[in-house]
Every structure is written in C-alpha cells, then in structure tokens.
Amino acid sequence: MRKNNILLLAIIFVLLMSLPLSLAAQEGRGKGRVRGEVYDEAGNAIAGVQIMATHLQSGTAFAGKSDKNGAWAVAGLGTGYFRFTASLEGYGTTYHEVRVSQFSQNNPPIRFTLKQVQVSDMSTPSIQDEGSLALFEEGNELYEQENYSEAVAKFEEFLLSNPNIFQINLNIGNCYREMGEFDKAVESYMKILDKVMEDKGSYEGDEGAAKAFASIGETYIKKGDLEKASESLQQSIAIFPEDETLAFNVGEIYFNQREIDKAVEYYQMAIKINDKWGPPHRQLGYAYLNKGDYQAAVDSFKKFVEVAPEDPKAAEIAALIPQLETLIKK
C-alpha cells in the first residue's frame with residue numbers, strides 16, 4: 001500500500017511540474033459556433049448588423065454579419081467566455097456575455113434587439129463596409145494559420161480605413177507577440193492605452209485599457225520577464241476589477257513563479273467574481289496540491305468538474321479525485 005501511495009505522489013508531482021503556462025493558450029480559437037438573430041423593437045429582422053465575438057481572456061475577436069432575415073453566425077470559437085456585440089449605424093450597440101463550448105453542437109443562440117438612436121449618440125465604432133469586414137476576417141484567418149506577418153498587413157490595412165477602431169491594435173500586437181517581436185507587440189498595445197488616455201484622461205474602468213495591460217503582461221511572460229508581467233497584469237486588475245480572467249492570469253503568473261500563496265489569492269479572487277468558470281477552480285486545486293492540502297485540492301477539483309464537465313481536463317481531474325481521497329483517509 002505504501003508503494004501505491006508513493007506512486008500516486010509521483011504522478012501528482014509530474015502533473016504539477018508539467019503544467020503549462022496557460023494564459024490564453026489557444027487565443028480563444030477552436031471549433032465552436034454560435035448563431036443568433038437580430039431584430040428591432042417592432043420585431044422586424046435587421047440585415048447588415050455587425051456581430052463581434054471577443055474572447056474575454058485573450059481579447060481575440062471574431063466577426064459575423066446578419067443576413068436579410070436577421071440571422072447571423074460566428075464560427076472558429078474556442079471554449080471560454082465571449083462577449084458578443086451587435087452594432088449598426090443608427091442603432092444603439094448592445095452585447096451579451098456567454099460561455100461557449102467548442103465541444104458542443106448546441107451552444108445557446110443569442111437574440112439581439114436593437115433600438116434606433118441618433119447617430120451622434122453612438123459611442124461604439126463598428127465596421128460599416130464589406131471591404132473592411134473582409135480585411136478583418138482575412139487577418140483572423142491568417143492568424144489562425146500562424147501566418148502572422150501577413151495577418152499584421154491585413155490588420156494594418158484595415159486600421160488605415162478605420163482609424164476609429166483603434167482596438168484592432170490588440171490583434172496587431174498579438175501577431176507581433178507570436179512572432180517574438182516583443183517590443184513591437186508592446187508598442188501596439190500602448191497605442192490602445194494612449195488613445196484611451198487621450199479620450200478619457202484616465203484608464204479607470206476602461207475594459208480596453210485593462211485588456212491592453214493584460215496583453216502586455218502576457219508579452220512579458222513570453223519574453224521571460226515575470227516581474228514586469230506581474231506588474232502589468234496587476235495593473236489590469238486595478239483598472240477593471242470585475243473581470244475574472246484578469247485575476248486568473250495574475251494567479252497563473254504567481255503559480256509559475258512558485259509563489260503559491262499569492263496564486264491561491266488571485267485564483268480565489270477570480271472565483272469570487274465568477275464561480276461558474278472552470279479554470280480558476282482547476283488551478284486552485286493544483287495550487288493546493290503544491291501546498292500538500294489534499295482536502296482543499298479535492299474540493300476545488302470537484303467544483304471544477306461540476307462547472308466545466310466538457311473541459312478537456314475534466315476526465316483527468318475526475319480520475320485523480322478518488323486517488324487523492326484515498327490519501328486523505330490514510
């Protein structure tokens with residue numbers, strides 16, 4: 001029996017030491033698809049509505065457009081939380097935040113109801129012409145194909161025609177980051193921060209600024225500067241504290257620095273914001289394993305399997321739970 005326990009502990013050690021740094025690992029990309037419809041307040045279908053699906057953890061965006069029947073679909077989505085935004089000139093912009101599973105064929109449809117407003121009242125820019133939409137989609141396709149240099153060219157061409165949509169610098173920065181051109185990546189993200197500061201005079205409460213700081217943090221991770229990464233990610237949390245993914249990412253930084261107590265603090269912060277999101281529960285379980293607190297690890301892993309049964313890691317974690325419970329009883 002002692003031999004079995006030693007073997008189990010060895011397996012746990014291997015699991016802990018082989019954990020990858022998981023910040024936006026898949027950039028929100030996958031095989032998932034979400035569809036829906038857009039109507040006005042009278043129940044009439046609206047054509048030509050721009051649908052943007054933004055992965056809340058990575059900031060990666062995907063686009064779609066409603067047809068004459070008001071129907072739309074966005075594909076290529078990974079598992080995670082997305083913000084779906086509907087916008088059209090002459091209507092108020094609206095959004096829904098939902099969890100998408102790339103392993104499900106039945107992600108819930110999203111119905112938007114747009115209200116007509118004066119154009120001058122609109123605050124959120126949208127892509128208004130087919131040529132710009134095509135450039136945007138081509139850039140995303142090239143990124144998915146890991147053809148980052150050509151993706152940058154498409155996004156920059158898009159930006160020339162749509163300078164008001166400065167958030168595209170997030171996509172450009174992501175391309176440079178993946179090419180290993182870290183200084184150019186940070187420069188692109190800084191353009192977002194500069195524009196926010198120019199427009200508002202402050203970063204406080206601005207989600208775009210928070211995402212830019214988070215992306216800067218991830219860039220420093222890839223560069224190997226974990227101290228600057230931690231500073232940037234903590235700044236993103238200070239700007240937009242209600243975003244669970246930002247807290248989670250800071251937890252990941254501390255976990256990989258083996259500062260386990262700090263990691264636990266930020267994983268718990270993410271869970272407090274949204275206890276229905278699986279990754280913080282999973283990583284909190286691993287953190288407790290590092291501390292040798294098997295009961296707390298089991299509790300976290302059970303919650304992870306409960307809230308994220310379709311996660312690729314769910315089966316592995318579910319199999320580990322009874323083995324840990326055996327250790328607890330010893």
# chains A, B, ... in the order shown; residues from 1 in each chain; ligands from 1
call {"tool": "select_by_dssp", "arguments": {"residues": "range 98-311 of chain A", "states": "helix (DSSP H, G or I)", "output": "MDAnalysis selection string"}}
result
chainID A and resid 119:121 130:144 148:161 166:178 182:200 207:223 226:239 244:256 260:273 278:291 294:307
call {"tool": "residues_around", "arguments": {"residues": "Pro108 in chain A", "least_positions_apart": "4", "cutoff": "12 Å", "atoms": "only C-alpha atoms", "output": "list in words"}}
result
Gly32, Arg33, Val34, Arg35, Gly36, Glu37, Ala73, His96, Glu97, Val98, Arg99, Val100, Ser101 and Ser104 of chain A
call {"tool": "closest_residue", "arguments": {"among": "A:Val298, A:Ala185, A:Val74, A:Val49", "to": "Gln283 in chain A", "atoms": "only C-alpha atoms"}}
result
A:Val298
call {"tool": "residues_around", "arguments": {"residues": "Val152 in chain A", "least_positions_apart": "3", "cutoff": "10 Å", "atoms": "only C-alpha atoms", "output": "PyMOL selection string"}}
result
chain A and resi 139-140+142-143+147-149+155-158+169+171-176
call {"tool": "write_last_selection", "arguments": {"atoms": "C-alpha atoms", "output": "compact mmCIF listing (two decimals), in the first residue's frame"}}
result
# COMPACT_ATOMS: atom_id res chain seq x y z
CA GLY A 139 -6.46 38.88 -40.87
CA ASN A 140 -8.07 36.49 -38.40
CA LEU A 142 -4.11 34.31 -41.45
CA TYR A 143 -3.54 34.49 -37.69
CA ASN A 147 0.89 33.44 -40.89
CA TYR A 148 1.43 36.34 -38.55
CA SER A 149 3.32 38.74 -40.82
CA PHE A 155 -4.97 44.40 -39.80
CA GLU A 156 -2.86 47.48 -40.53
CA GLU A 157 -4.62 47.98 -43.87
CA PHE A 158 -7.91 47.69 -42.00
CA ASN A 169 -4.06 47.20 -32.29
CA ASN A 171 -4.82 41.92 -32.85
CA ILE A 172 -1.70 43.52 -34.33
CA GLY A 173 0.13 43.23 -31.01
CA ASN A 174 -0.86 39.57 -30.71
CA CYS A 175 0.70 38.90 -34.12
CA TYR A 176 3.97 40.56 -33.17
call {"tool": "atom_distance", "arguments": {"atom1": "CA of Glu242 in chain A", "atom2": "CA of Leu170 in chain A"}}
result
20.4 Å
call {"tool": "residues_around", "arguments": {"residues": "Ser66 in chain A", "least_positions_apart": "3", "cutoff": "12 Å", "atoms": "only C-alpha atoms", "output": "list in words"}}
result
Arg35, Gly36, Glu37, Val38, Tyr39, Ala45, Ile46, Ala47, Gly48, Val49, Gln50, Ile51, Met52, Ala63, Asn69, Gly70, Ala71, Trp72, Ala73, Val74, Ala86, Ser87, Leu88, Arg111 and Phe112 of chain A
call {"tool": "write_last_selection", "arguments": {"atoms": "C-alpha atoms", "output": "PDB file, in the first residue's frame"}}
result
ATOM      1  CA  ARG A  35     -25.664  31.649 -34.032  1.00  0.00           C
ATOM      2  CA  GLY A  36     -28.478  34.073 -33.407  1.00  0.00           C
ATOM      3  CA  GLU A  37     -30.826  36.708 -34.779  1.00  0.00           C
ATOM      4  CA  VAL A  38     -31.172  40.492 -34.682  1.00  0.00           C
ATOM      5  CA  TYR A  39     -34.464  42.408 -34.557  1.00  0.00           C
ATOM      6  CA  ALA A  45     -35.352  41.459 -38.756  1.00  0.00           C
ATOM      7  CA  ILE A  46     -32.347  43.737 -39.312  1.00  0.00           C
ATOM      8  CA  ALA A  47     -29.797  42.990 -42.038  1.00  0.00           C
ATOM      9  CA  GLY A  48     -26.175  44.073 -42.065  1.00  0.00           C
ATOM     10  CA  VAL A  49     -25.666  44.164 -38.305  1.00  0.00           C
ATOM     11  CA  GLN A  50     -22.015  43.725 -37.352  1.00  0.00           C
ATOM     12  CA  ILE A  51     -21.537  40.919 -34.800  1.00  0.00           C
ATOM     13  CA  MET A  52     -18.254  40.873 -32.911  1.00  0.00           C
ATOM     14  CA  ALA A  63     -16.717  38.766 -36.796  1.00  0.00           C
ATOM     15  CA  ASN A  69     -33.603  37.524 -42.176  1.00  0.00           C
ATOM     16  CA  GLY A  70     -31.621  38.917 -39.261  1.00  0.00           C
ATOM     17  CA  ALA A  71     -29.761  35.623 -38.847  1.00  0.00           C
ATOM     18  CA  TRP A  72     -26.039  35.524 -38.073  1.00  0.00           C
ATOM     19  CA  ALA A  73     -23.373  33.025 -37.067  1.00  0.00           C
ATOM     20  CA  VAL A  74     -19.797  33.236 -35.820  1.00  0.00           C
ATOM     21  CA  ALA A  86     -24.176  43.827 -32.142  1.00  0.00           C
ATOM     22  CA  SER A  87     -23.785  47.229 -33.808  1.00  0.00           C
ATOM     23  CA  LEU A  88     -25.177  49.074 -36.795  1.00  0.00           C
ATOM     24  CA  ARG A 111     -31.113  37.139 -29.866  1.00  0.00           C
ATOM     25  CA  PHE A 112     -30.344  40.842 -30.078  1.00  0.00           C
TER      26      PHE A 112
END
call {"tool": "decode", "arguments": {"residues": "range 172-195 of chain A", "atoms": "N, CA and C atoms", "output": "tab-separated table (two decimals), in the first residue's frame"}}
result
chain	number	residue	atom	x	y	z
A	172	ILE	N	-3.04	43.28	-33.76
A	172	ILE	CA	-1.70	43.52	-34.33
A	172	ILE	C	-0.63	43.14	-33.30
A	173	GLY	N	-0.83	43.57	-32.06
A	173	GLY	CA	0.13	43.23	-31.01
A	173	GLY	C	0.24	41.74	-30.80
A	174	ASN	N	-0.89	41.03	-30.87
A	174	ASN	CA	-0.86	39.57	-30.71
A	174	ASN	C	-0.02	38.91	-31.79
A	175	CYS	N	-0.11	39.44	-33.02
A	175	CYS	CA	0.70	38.90	-34.12
A	175	CYS	C	2.18	39.08	-33.84
A	176	TYR	N	2.56	40.29	-33.46
A	176	TYR	CA	3.97	40.56	-33.17
A	176	TYR	C	4.46	39.71	-32.00
A	177	ARG	N	3.59	39.52	-31.00
A	177	ARG	CA	3.98	38.70	-29.85
A	177	ARG	C	4.28	37.27	-30.28
A	178	GLU	N	3.42	36.72	-31.14
A	178	GLU	CA	3.64	35.35	-31.59
A	178	GLU	C	4.86	35.23	-32.49
A	179	MET	N	5.25	36.32	-33.15
A	179	MET	CA	6.46	36.31	-33.99
A	179	MET	C	7.72	36.52	-33.15
A	180	GLY	N	7.54	36.78	-31.86
A	180	GLY	CA	8.69	37.02	-31.00
A	180	GLY	C	9.21	38.44	-31.06
A	181	GLU	N	8.48	39.32	-31.73
A	181	GLU	CA	8.87	40.73	-31.80
A	181	GLU	C	8.17	41.47	-30.65
A	182	PHE	N	8.71	41.26	-29.46
A	182	PHE	CA	8.03	41.69	-28.25
A	182	PHE	C	7.93	43.21	-28.12
A	183	ASP	N	8.98	43.93	-28.53
A	183	ASP	CA	8.93	45.39	-28.43
A	183	ASP	C	7.83	45.96	-29.32
A	184	LYS	N	7.69	45.42	-30.53
A	184	LYS	CA	6.62	45.87	-31.43
A	184	LYS	C	5.25	45.52	-30.87
A	185	ALA	N	5.17	44.37	-30.22
A	185	ALA	CA	3.90	43.97	-29.61
A	185	ALA	C	3.49	44.98	-28.53
A	186	VAL	N	4.43	45.30	-27.63
A	186	VAL	CA	4.13	46.25	-26.56
A	186	VAL	C	3.78	47.61	-27.15
A	187	GLU	N	4.49	48.00	-28.21
A	187	GLU	CA	4.20	49.28	-28.87
A	187	GLU	C	2.77	49.32	-29.39
A	188	SER	N	2.29	48.21	-29.94
A	188	SER	CA	0.92	48.15	-30.45
A	188	SER	C	-0.09	48.26	-29.32
A	189	TYR	N	0.15	47.54	-28.24
A	189	TYR	CA	-0.77	47.61	-27.10
A	189	TYR	C	-0.78	49.01	-26.50
A	190	MET	N	0.39	49.67	-26.49
A	190	MET	CA	0.48	51.02	-25.93
A	190	MET	C	-0.36	52.01	-26.73
A	191	LYS	N	-0.55	51.75	-28.01
A	191	LYS	CA	-1.38	52.64	-28.82
A	191	LYS	C	-2.81	52.67	-28.30
A	192	ILE	N	-3.28	51.53	-27.80
A	192	ILE	CA	-4.62	51.48	-27.21
A	192	ILE	C	-4.64	52.31	-25.93
A	193	LEU	N	-3.62	52.13	-25.09
A	193	LEU	CA	-3.57	52.88	-23.83
A	193	LEU	C	-3.46	54.38	-24.08
A	194	ASP	N	-2.66	54.75	-25.07
A	194	ASP	CA	-2.52	56.19	-25.38
A	194	ASP	C	-3.84	56.78	-25.84
A	195	LYS	N	-4.58	56.03	-26.66
A	195	LYS	CA	-5.85	56.53	-27.17
A	195	LYS	C	-6.89	56.65	-26.05
